[in-house]
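Report on one structure; see the data block that follows.
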Amino acid sequence: MRDRPADLAEAELMVALAEGWGIEPHSVEYLPVGAGSYHWSVVGRRGTAWFVKVDDLGVEDVGRDGAFDRLGQSFGAALALHRDAGLDFVLAPIPTATGAALWRLTSRYALSVFPMVAGVAGQFGAHRPEDRAEVIDLLAELHRATPIVADTASRADLVLPGRDKLEEALRDLGREWTGGPHAEPARKLLSVHAGEVQRLLADFDRRVDHVQNTVPVWVVTHGEPHPGNVMRTPAGLRLIDWGTVQIAPPERDLWMLTPALARMLGEDPDGDVADVLSRYSRATGRTVTPAGLALYSLWWRLADIAAFVDELRRPHGLGADIAASLTYLTGYLESGRD
């Protein structure tokens with residue numbers, strides 16, 4: 001996030017780090033990176049560096065407790081995968097003094113702390129052809145570790161997040177949106193593409209019914225294994241950002257290795273992925289289903305459209321992040337079908 005959270009004082013962050021992790025910060029630097037969360041680099045008095053992450057639990061009070069519990073469950077699963085399954089590539093949070101993976105910072109925000117790792121992450125987008133086999137091997141290893149967290153990780157319900165808000169927005173296209181400077185442009189944009197969005201929602205429902213009846217094996221999934229969440233380090237690949245862990249069809253991860261992501265972003269697909277997906281099947285004994293791949297590429301697109309529309313309808317100003325939301329919404333709506 002480029003913009004800092006306006007309603008969070010850095011002093012609150014420092015107190016929580018001391019209480020939860022015994023960290024006495026010597027220097028603190030805000031990092032305008034990533035999307036959906038806020039990040040800081042914190043160096044302690046003895047020179048140890050940490051990557052500190054603050055997640056927004058929601059604009060409205062209702063639902064924040066549930067969001068905190070789900071995030072804690074995801075981070076707890078990541079911690080178990082790293083510690084108990086021995087998956088070194090899982091960059092898991094550092095537990096608090098009481099063993100928790102997550103700290104309730106305020107009513108709205110949750111705090112987690114990670115080791116500062118030397119390495120370079122990619123950018124959100126399609127994986128390069130030369131990287132796909134390596135990422136597939138990593139995902140195969142993750143999916144094989146399912147028994148470690150099968151009883152603790154949350155299970156996907158195949159419900160599209162934010163759907164109620166998106167359908168409300170579609171019903172509200174006949175009057176001006178006044179939430180902020182980008183609200184009315186968002187309304188006009190969605191008006192042009194409303195029929196397509198409604199068709200995609202109906203298509204999503206059909207695909208959910210099909211996947212529920214045809215995908216027999218569910219596994220522990222990361223949920224967002226795009227290049228921006230893959231870090232290259234001197235010790236090898238690390239998979240970061242574990243806030244979306246779920247037991248789900250394996251295609252929840254694997255679709256990001258297919259041409260669907262490039263097409264969704266309006267890019268030309270690069271390379272043939274058939275051999276890469278066959279590599280996954282050989283490693284795991286699981287068949288990759290076209291139905292599952294199609295569902296999750298559509299899920300991603302609609303979930304982002306719903307999130308951006310909701311954000312742009314709410315009261316907002318002229319920050320860089322909200323402007324980016326309109327840009328991303330435009331890209332999704334104008335890229336056509338995958």
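Note on naming: chains are A, B, ... as they come in the structure tokens, residues start from 1 per chain, ligands start from 1 in the order shown.
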
Within 12 Å of Glu168 in chain A, counting only C-alpha atoms, which residues show up once you throw out same-chain ones fewer than 4 positions away? Write them as a PyMOL selection string, please. chain A and resi 162-164+172-174+194+198+306+309-310+313

Give me a file of those residues, with N, CA and C atoms, as an mmCIF file, in the first residue's frame.
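Here's the written file again.cif:
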```cif
data_model
loop_
_atom_site.group_PDB
_atom_site.id
_atom_site.type_symbol
_atom_site.label_atom_id
_atom_site.label_comp_id
_atom_site.auth_asym_id
_atom_site.auth_seq_id
_atom_site.Cartn_x
_atom_site.Cartn_y
_atom_site.Cartn_z
ATOM 1 N N GLY A 162 -17.650 -10.700 -1.192
ATOM 2 C CA GLY A 162 -18.109 -9.392 -1.656
ATOM 3 C C GLY A 162 -19.213 -9.438 -2.693
ATOM 4 N N ARG A 163 -19.784 -10.605 -2.928
ATOM 5 C CA ARG A 163 -20.801 -10.705 -3.977
ATOM 6 C C ARG A 163 -22.030 -9.849 -3.675
ATOM 7 N N ASP A 164 -22.438 -9.816 -2.408
ATOM 8 C CA ASP A 164 -23.621 -9.040 -2.063
ATOM 9 C C ASP A 164 -23.419 -7.564 -2.366
ATOM 10 N N ASP A 172 -27.626 -0.347 -8.309
ATOM 11 C CA ASP A 172 -27.569 1.076 -7.971
ATOM 12 C C ASP A 172 -26.910 1.911 -9.066
ATOM 13 N N LEU A 173 -26.887 1.390 -10.288
ATOM 14 C CA LEU A 173 -26.206 2.098 -11.379
ATOM 15 C C LEU A 173 -27.019 3.255 -11.943
ATOM 16 N N GLY A 174 -28.303 3.342 -11.573
ATOM 17 C CA GLY A 174 -29.159 4.360 -12.142
ATOM 18 C C GLY A 174 -29.071 5.716 -11.477
ATOM 19 N N ALA A 194 -21.937 -3.870 -17.161
ATOM 20 C CA ALA A 194 -22.827 -4.534 -16.208
ATOM 21 C C ALA A 194 -23.333 -5.869 -16.736
ATOM 22 N N GLN A 198 -22.757 -9.525 -14.904
ATOM 23 C CA GLN A 198 -23.869 -10.400 -14.521
ATOM 24 C C GLN A 198 -23.736 -11.767 -15.180
ATOM 25 N N ALA A 306 -15.368 -7.142 -7.373
ATOM 26 C CA ALA A 306 -16.246 -6.841 -6.235
ATOM 27 C C ALA A 306 -15.536 -5.963 -5.211
ATOM 28 N N VAL A 309 -14.992 -2.322 -6.672
ATOM 29 C CA VAL A 309 -16.247 -1.586 -6.769
ATOM 30 C C VAL A 309 -16.696 -1.128 -5.384
ATOM 31 N N ASP A 310 -16.618 -2.003 -4.404
ATOM 32 C CA ASP A 310 -17.021 -1.641 -3.046
ATOM 33 C C ASP A 310 -16.155 -0.506 -2.510
ATOM 34 N N ARG A 313 -17.036 2.858 -4.155
ATOM 35 C CA ARG A 313 -18.338 3.406 -3.777
ATOM 36 C C ARG A 313 -18.307 4.056 -2.404
#
```

What's around Arg2 in chain A at 9 Å? Count only C-alpha atoms, leave out sequence neighbours fewer than 4 positions away in its own chain, and write the answer as a PyMOL selection string. chain A and resi 31-35+38+319-321

Grab the residues selected above and save them as a compact mmCIF listing (two decimals), in the first residue's frame with C-alpha atoms.
```txt
# COMPACT_ATOMS: atom_id res chain seq x y z
CA LEU A 31 7.47 0.32 3.19
CA PRO A 32 5.03 1.30 0.40
CA VAL A 33 4.86 -2.22 -1.01
CA GLY A 34 2.24 -4.88 -1.61
CA ALA A 35 -1.52 -4.54 -1.82
CA TYR A 38 0.58 -2.13 5.34
CA GLY A 319 -4.83 8.93 -2.42
CA ALA A 320 -2.65 6.83 -4.69
CA ASP A 321 -4.19 3.54 -3.57
```

Residues within 12 Å of Thr48 in chain A, please, as a VMD selection string. Count only C-alpha atoms; anything in the same chain fewer than 3 positions from it doesn't count. chain A and resid 23 to 27 41 to 45 51 114 to 117

Secondary structure check, strand (DSSP E) residues of range 215-328 of chain A, as a list in words: Val219, Val220, Thr221, Val230, Met231, Arg232, Thr233, Gly236, Leu237, Arg238, Leu239, Gln246, Ile247 and Ala248 of chain A

From the set A:Ala248, A:Ala118, A:Val211, A:Leu326, which residue has the shortest atom-to-atom contact distance to Gly180 in chain A, counting only C-alpha atoms?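 Selected residue with least distance to Gly180 in chain A: A:Leu326.
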